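A short write-up of the structure that comes next.
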Amino acid sequence: MKRSLGQILVEDGIISEKELSESLKAQSKSHLPLGQIILKKGIASEIDILRALSKLHNIDFVEKIEFENHEEVYNLIPLKLIQKSKIVPFKVIGNVVLIAITDPTDLHPMDDIRIFLKGYETQFILAPEPEIIRIIHTHFDKTAASTKQMMDEMSEGELGFEDLENEGELDLSNEAPIIKMVNVILSQAVTARASDIHIEPFEKSLVVRYRVDGILHKVLSPPKAYQAGIVSRIKIMSNLNIAENRLPQDGRIKLRLAGKDIDIRVSTIPCQFGERVVMRLLNKTDQKYSLATMKIKGELYETFKRLIYQPHGIILVTGPTGSGKSTTLYSALSELNTPERNIITCEDPVEYQFDGISQMQMQEKIGLTFATGLRAILRQDPDVVMVGEIRDEETARIAIQASLTGHLVFSTLHTNDAASAVTRLVDMGIEPYLITSTVLGFLAQRLVRVICPNCKKPYSPNEKELASLGIQPHELIDGVLYRGEGCSNCMGTGYKGRMGIYELLVLNSQVKAEILKGSDANRILEVALQTGFQTMRQYGKQKVIEGDTTPDEVLRVC
């Protein structure tokens, strides 16, 4: 008798019988494939599920695709079929073409490829979707020209500078080189895993920078004469007024690049030497939210999970801009997102759309603020409410009122650490007794870069390096720490990807007593430490010892 996907995952020790039972129950209500349900719950990784699928369908699985170029064979397959079906040839052995697929149950594209590859045998191999998209983008997508190639073409004079001086902004933006340049800037940003694109005008130059893993990198400097055309092209794409260059403007672009759905938030501001453009890239295809994606482990994970399942109260996530607060909130909501709960959010802006969650976009120009939105939400019979940010006393008081009337409320505050969030609320005008009776906990966080797994090497740290984080020599694993040497996979930085470091201040009886006394943040921290509280730096220290990041990264953010 053929085993099911769930049975294979249980037999391999990936999930438990109880988790399988809960997933099957959820599947009966949502009608999604079991693998998607398990992935959404965060109880197994995509790799775990693909390995199980390979056993179920008796086909090989590769985690990383080693591409070999055989254009004469690959060109027999239409590019549209490769892009649409996410099915890609990557190696030819004799008369056999190896083809990577993401879904072994989708037979139509496999049949189509066999038709185009007449005279060849085909062998289908299961691979992760991001890997297949990477191969398509790198080796098959003709629009993904390198920035260097683009600059070479432009310097050869596709559109002369003299012509540029005489062009109007709208006409200039429609010239092929300008369109090509903007396309390359966007596609290369996706390839480089950039979160933001900065287009910055100076007196004699125009600079394009990408923010990758939280750090800005200069990638190219187009001719200054192209500045007006590039800005106008971006404005047209985001439905902004190209004739207005004296006021800031905000817009949005929706694109599909390299097989990924990309939502781009566009912001322009007038500067001394022209308009500055910043584009925030939101990758809808790759982003999956769950507590598992946060990679919190140990006691902090168990405590946070216990807090989010409380029937009422307030949970506040704190940290500066770009510290991953939204990801944490979305992960918590994703964990709670079941048909039995009514979840409503107030956001500015709505970054990602969730099935099963009602999301409200704030519009301050027409008076729809966090306070008015939250007040309206409470008349919608919610179980869980998320407020993008508590900025003022009015919003804070409505959130407190919501928690007192039986709702679970999530929100964010801009503070440096968990303990100072208490004094921030008091400064807003919230009485200490309301804080102690409604707030369940404060989660402070930062993002640190993760050492690139491709060039990760052990080394023996010196005493100064150990002392910077308070690491004792006996705490090291095998007497070493790790760092990245720099390679093509990580743009020579030694880092690839980011992870969170956290501190969770739970309002226990001792901490509540200090808040009621009116103690400052230092005293609250002192008492919390006596009751087992772990600071962000201590959390980061452990991640350094485990080889996930470096001392410099932890010291950079906290």
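Residue numbering restarts at 1 in every chain; chains get A, B, ... in the order shown in the structure tokens, and ligands count up from 1 in that same order.
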Near segment 254-266 of chain A, within 8 Å and counting only C-alpha atoms, which residues show up once chain neighbours fewer than 2 positions away are dropped, as a compact mmCIF listing (two decimals) with all heavy atoms, in the first residue's frame?
```
# COMPACT_ATOMS: atom_id res chain seq x y z
N GLN A 83 9.60 29.57 -17.99
CA GLN A 83 9.25 30.60 -17.01
C GLN A 83 7.89 30.35 -16.37
O GLN A 83 7.72 30.50 -15.16
CB GLN A 83 9.26 31.98 -17.68
CG GLN A 83 10.66 32.43 -18.08
CD GLN A 83 10.64 33.73 -18.87
OE1 GLN A 83 9.71 33.97 -19.65
NE2 GLN A 83 11.64 34.57 -18.67
N LYS A 84 6.91 29.97 -17.18
CA LYS A 84 5.55 29.78 -16.67
C LYS A 84 5.44 28.56 -15.76
O LYS A 84 4.79 28.60 -14.71
CB LYS A 84 4.57 29.65 -17.84
CG LYS A 84 3.12 29.54 -17.40
CD LYS A 84 2.19 29.42 -18.62
CE LYS A 84 0.74 29.25 -18.17
NZ LYS A 84 -0.16 29.09 -19.33
N LYS A 86 7.98 26.88 -14.28
CA LYS A 86 9.09 26.73 -13.32
C LYS A 86 9.68 25.32 -13.42
O LYS A 86 9.74 24.57 -12.45
CB LYS A 86 8.63 27.03 -11.88
CG LYS A 86 8.19 28.46 -11.66
CD LYS A 86 7.98 28.73 -10.18
CE LYS A 86 7.51 30.15 -9.93
NZ LYS A 86 6.14 30.37 -10.29
N ILE A 133 14.15 29.06 -9.83
CA ILE A 133 14.02 30.46 -10.24
C ILE A 133 15.40 31.09 -10.42
O ILE A 133 15.64 31.87 -11.35
CB ILE A 133 13.18 31.25 -9.21
CG1 ILE A 133 11.71 30.80 -9.29
CG2 ILE A 133 13.29 32.74 -9.44
CD1 ILE A 133 10.82 31.36 -8.21
N ARG A 134 16.34 30.72 -9.55
CA ARG A 134 17.71 31.25 -9.67
C ARG A 134 18.34 30.83 -11.01
O ARG A 134 18.96 31.65 -11.70
CB ARG A 134 18.57 30.73 -8.51
CG ARG A 134 20.03 31.18 -8.56
CD ARG A 134 20.82 30.62 -7.40
NE ARG A 134 21.01 29.19 -7.48
CZ ARG A 134 21.98 28.60 -8.19
NH1 ARG A 134 22.84 29.34 -8.90
NH2 ARG A 134 22.11 27.29 -8.19
N ILE A 136 16.72 29.91 -13.77
CA ILE A 136 15.99 30.58 -14.86
C ILE A 136 16.49 32.01 -15.02
O ILE A 136 16.79 32.47 -16.12
CB ILE A 136 14.47 30.57 -14.60
CG1 ILE A 136 13.91 29.13 -14.68
CG2 ILE A 136 13.75 31.47 -15.60
CD1 ILE A 136 12.46 29.02 -14.25
N HIS A 137 16.60 32.70 -13.89
CA HIS A 137 16.98 34.12 -13.93
C HIS A 137 18.43 34.28 -14.41
O HIS A 137 18.74 35.17 -15.20
CB HIS A 137 16.82 34.73 -12.54
CG HIS A 137 17.06 36.21 -12.52
ND1 HIS A 137 16.28 37.10 -13.22
CD2 HIS A 137 18.01 36.95 -11.90
CE1 HIS A 137 16.72 38.33 -13.02
NE2 HIS A 137 17.77 38.26 -12.24
N ASP A 141 16.87 33.97 -18.52
CA ASP A 141 16.18 35.24 -18.65
C ASP A 141 17.07 36.25 -19.36
O ASP A 141 18.03 36.76 -18.79
CB ASP A 141 15.78 35.76 -17.26
CG ASP A 141 14.85 36.95 -17.34
OD1 ASP A 141 14.67 37.49 -18.45
OD2 ASP A 141 14.29 37.35 -16.30
N SER A 187 15.78 44.29 -11.98
CA SER A 187 16.04 42.85 -12.03
C SER A 187 17.31 42.49 -11.27
O SER A 187 17.36 41.47 -10.58
CB SER A 187 16.12 42.37 -13.47
OG SER A 187 17.21 42.96 -14.14
N VAL A 190 16.64 42.31 -7.53
CA VAL A 190 16.02 41.05 -7.11
C VAL A 190 17.06 39.95 -7.02
O VAL A 190 17.11 39.18 -6.06
CB VAL A 190 14.89 40.65 -8.09
CG1 VAL A 190 14.34 39.27 -7.75
CG2 VAL A 190 13.77 41.69 -8.07
N SER A 238 4.95 53.95 -11.48
CA SER A 238 4.27 53.97 -10.17
C SER A 238 3.11 54.96 -10.14
O SER A 238 2.62 55.32 -9.06
CB SER A 238 5.28 54.31 -9.06
OG SER A 238 6.04 55.45 -9.38
N ASP A 250 4.60 59.55 -3.26
CA ASP A 250 4.67 58.13 -2.92
C ASP A 250 3.81 57.35 -3.90
O ASP A 250 2.69 57.77 -4.23
CB ASP A 250 4.15 57.87 -1.50
CG ASP A 250 5.05 58.50 -0.45
OD1 ASP A 250 6.23 58.11 -0.40
OD2 ASP A 250 4.60 59.37 0.31
N GLY A 251 4.31 56.21 -4.35
CA GLY A 251 3.56 55.38 -5.28
C GLY A 251 3.89 53.91 -5.08
O GLY A 251 4.61 53.53 -4.15
N ARG A 252 3.37 53.09 -5.98
CA ARG A 252 3.54 51.65 -5.85
C ARG A 252 3.65 51.02 -7.24
O ARG A 252 2.96 51.43 -8.18
CB ARG A 252 2.36 51.06 -5.10
CG ARG A 252 2.65 49.75 -4.39
CD ARG A 252 1.70 49.55 -3.23
NE ARG A 252 2.15 48.47 -2.37
CZ ARG A 252 1.76 48.31 -1.12
NH1 ARG A 252 0.94 49.17 -0.57
NH2 ARG A 252 2.20 47.31 -0.40
N THR A 268 9.67 59.51 -3.63
CA THR A 268 10.55 60.52 -4.23
C THR A 268 10.55 61.77 -3.37
O THR A 268 9.50 62.14 -2.81
CB THR A 268 10.11 60.90 -5.67
OG1 THR A 268 8.88 61.64 -5.60
CG2 THR A 268 9.91 59.67 -6.53
N VAL A 277 15.16 59.07 -5.36
CA VAL A 277 14.16 58.00 -5.38
C VAL A 277 14.63 56.84 -4.51
O VAL A 277 15.79 56.42 -4.61
CB VAL A 277 13.93 57.48 -6.83
CG1 VAL A 277 12.87 56.37 -6.83
CG2 VAL A 277 13.51 58.62 -7.75
N VAL A 278 13.74 56.37 -3.65
CA VAL A 278 14.01 55.14 -2.89
C VAL A 278 12.86 54.17 -3.15
O VAL A 278 11.70 54.54 -3.05
CB VAL A 278 14.15 55.40 -1.38
CG1 VAL A 278 14.26 54.08 -0.62
CG2 VAL A 278 15.37 56.25 -1.09
N MET A 279 13.23 52.95 -3.52
CA MET A 279 12.23 51.92 -3.79
C MET A 279 12.42 50.77 -2.81
O MET A 279 13.51 50.21 -2.72
CB MET A 279 12.36 51.41 -5.24
CG MET A 279 11.99 52.46 -6.27
SD MET A 279 12.15 51.86 -7.98
CE MET A 279 13.89 52.13 -8.26
N ARG A 280 11.36 50.42 -2.08
CA ARG A 280 11.38 49.29 -1.15
C ARG A 280 10.81 48.07 -1.86
O ARG A 280 9.67 48.10 -2.33
CB ARG A 280 10.57 49.63 0.10
CG ARG A 280 10.21 48.47 1.03
CD ARG A 280 11.40 47.85 1.70
NE ARG A 280 12.20 48.75 2.47
CZ ARG A 280 11.99 49.02 3.76
NH1 ARG A 280 10.98 48.46 4.39
NH2 ARG A 280 12.80 49.84 4.40
N LEU A 281 11.59 47.00 -1.96
CA LEU A 281 11.17 45.79 -2.66
C LEU A 281 10.57 44.80 -1.67
O LEU A 281 11.22 44.40 -0.70
CB LEU A 281 12.35 45.13 -3.38
CG LEU A 281 12.72 45.67 -4.76
CD1 LEU A 281 13.17 47.12 -4.69
CD2 LEU A 281 13.82 44.83 -5.40
N LEU A 282 9.32 44.41 -1.91
CA LEU A 282 8.64 43.44 -1.07
C LEU A 282 8.40 42.19 -1.91
O LEU A 282 7.59 42.18 -2.83
CB LEU A 282 7.31 44.01 -0.57
CG LEU A 282 7.40 45.35 0.16
CD1 LEU A 282 6.03 45.94 0.38
CD2 LEU A 282 8.14 45.20 1.47
N ASN A 283 9.15 41.14 -1.60
CA ASN A 283 9.11 39.91 -2.39
C ASN A 283 8.00 39.00 -1.87
O ASN A 283 8.17 38.31 -0.87
CB ASN A 283 10.46 39.20 -2.31
CG ASN A 283 10.55 38.02 -3.25
OD1 ASN A 283 9.53 37.49 -3.70
ND2 ASN A 283 11.75 37.59 -3.54
N LYS A 284 6.86 39.01 -2.55
CA LYS A 284 5.71 38.23 -2.08
C LYS A 284 5.91 36.73 -2.27
O LYS A 284 5.36 35.93 -1.52
CB LYS A 284 4.44 38.67 -2.82
CG LYS A 284 4.01 40.08 -2.51
CD LYS A 284 2.71 40.40 -3.23
CE LYS A 284 2.19 41.76 -2.83
NZ LYS A 284 0.91 42.05 -3.49
N THR A 285 6.67 36.35 -3.29
CA THR A 285 6.82 34.93 -3.60
C THR A 285 7.64 34.20 -2.55
O THR A 285 7.29 33.13 -2.09
CB THR A 285 7.48 34.75 -4.98
OG1 THR A 285 6.68 35.42 -5.95
CG2 THR A 285 7.60 33.28 -5.36
N ASP A 286 8.78 34.79 -2.16
CA ASP A 286 9.70 34.10 -1.24
C ASP A 286 9.30 34.23 0.22
O ASP A 286 9.66 33.41 1.05
CB ASP A 286 11.12 34.66 -1.40
CG ASP A 286 11.75 34.20 -2.71
OD1 ASP A 286 11.13 33.36 -3.38
OD2 ASP A 286 12.84 34.68 -3.05
```
Inset, instruction - Could you give me, as a PyMOL selection string, the residues within 7 Å of segment 206-218 of chain A, counting only C-alpha atoms and dropping anything in the same chain fewer than 2 positions from it? - result: chain A and resi 189+193-202+220-224+227+449+497-498
Inset, instruction - From a DSSP calculation on the backbone, collect every residue of segment 218-400 of chain A in strand (DSSP E or B) and output the set as a PyMOL selection string. - result: chain A and resi 218-220+249-257+260-271+274-283+313-318+343-347+357-361+363+368+384-387
Inset, instruction - Select from segment 425-465 of chain A everything DSSP, run on the backbone, classes as helix (DSSP H, G or I), then give the selection as number ranges by chain. - result: A: 425-428, 432-438, 463-465
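When the distance limit is 12 Å and only C-alpha atoms are what count, the residues near Gln353 of chain A, minus those fewer than 2 positions from it on the same chain, are Asp263, Leu282, Asn283, Lys284, Thr285, Gln287, Lys288, Tyr289, Tyr330, Leu333, Ser334, Ile344, Thr345, Glu347, Pro349, Val350, Glu351, Asp355, Gly356, Ile357, Ser358, Gln359, Met360 and Gln361 of chain A.
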Legend entry - Test item: residues at most 12 Å from Val96 of chain A, only C-alpha atoms, excluding those fewer than 6 positions along its chain, as a PyMOL selection string: chain A and resi 70+73+89-90+114+117-124
For the contact check between segment 371-469 of chain A and segment 479-493 of chain A, emit one row per residue of segment 371-469 of chain A within 7 Å, containing the shortest atom pair and the distance in Å rounded to one decimal, counting only C-alpha atoms, chain then rising number order, as a Markdown table.
```
| residue | atom | partner | partner_atom | distance |
| --- | --- | --- | --- | --- |
| A:Ile451 | CA | A:Gly484 | CA | 5.6 |
| A:Cys452 | CA | A:Gly484 | CA | 5.7 |
| A:Cys455 | CA | A:Gly484 | CA | 5.2 |
| A:Lys456 | CA | A:Gly484 | CA | 4.4 |
| A:Lys457 | CA | A:Tyr482 | CA | 5.5 |
| A:Pro458 | CA | A:Tyr482 | CA | 4.4 |
| A:Tyr459 | CA | A:Val480 | CA | 5.4 |
| A:Ser460 | CA | A:Val480 | CA | 4.9 |
| A:Pro461 | CA | A:Leu481 | CA | 6.5 |
```
Keeping C-alpha atoms, export the residues of the selection given above as an mmCIF file, in the first residue's frame.
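part-v2.cif, freshly written:
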```
data_model
loop_
_atom_site.group_PDB
_atom_site.id
_atom_site.type_symbol
_atom_site.label_atom_id
_atom_site.label_comp_id
_atom_site.auth_asym_id
_atom_site.auth_seq_id
_atom_site.Cartn_x
_atom_site.Cartn_y
_atom_site.Cartn_z
ATOM 1 C CA ILE A 451 27.712 34.227 8.033
ATOM 2 C CA CYS A 452 27.683 33.031 4.411
ATOM 3 C CA CYS A 455 32.682 30.664 2.602
ATOM 4 C CA LYS A 456 32.254 30.092 6.353
ATOM 5 C CA LYS A 457 35.551 29.230 8.052
ATOM 6 C CA PRO A 458 36.558 28.636 11.702
ATOM 7 C CA TYR A 459 39.251 30.768 13.354
ATOM 8 C CA SER A 460 40.771 31.243 16.803
ATOM 9 C CA PRO A 461 39.570 34.572 18.264
#
```
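Between atom CA of Ser468 of chain A and atom CA of Lys295 of chain A lies a distance of 24.6 Å.
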Inset, instruction - Could you check how far atom CA of Lys64 of chain A sits from atom CA of Val92 of chain A, in Å to one decimal? - result: 16.5 Å
Inset, instruction - Please measure the separation of atom CA of Asp383 of chain A and atom CA of Ala396 of chain A, giving the value in Å to one decimal. - result: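 Value for the atom CA of Asp383 of chain A-atom CA of Ala396 of chain A distance: 18.0 Å.
Minimum distance to Val439 of chain A across A:Thr372, A:Thr328, A:Asn508, A:Ser519 (counting only C-alpha atoms) occurs at A:Asn508.
Between Ala521 of chain A and the candidates A:Thr423, A:Ser509, A:Gln445, A:Gln538, the tightest atom-to-atom separation, counting only C-alpha atoms, involves A:Thr423.
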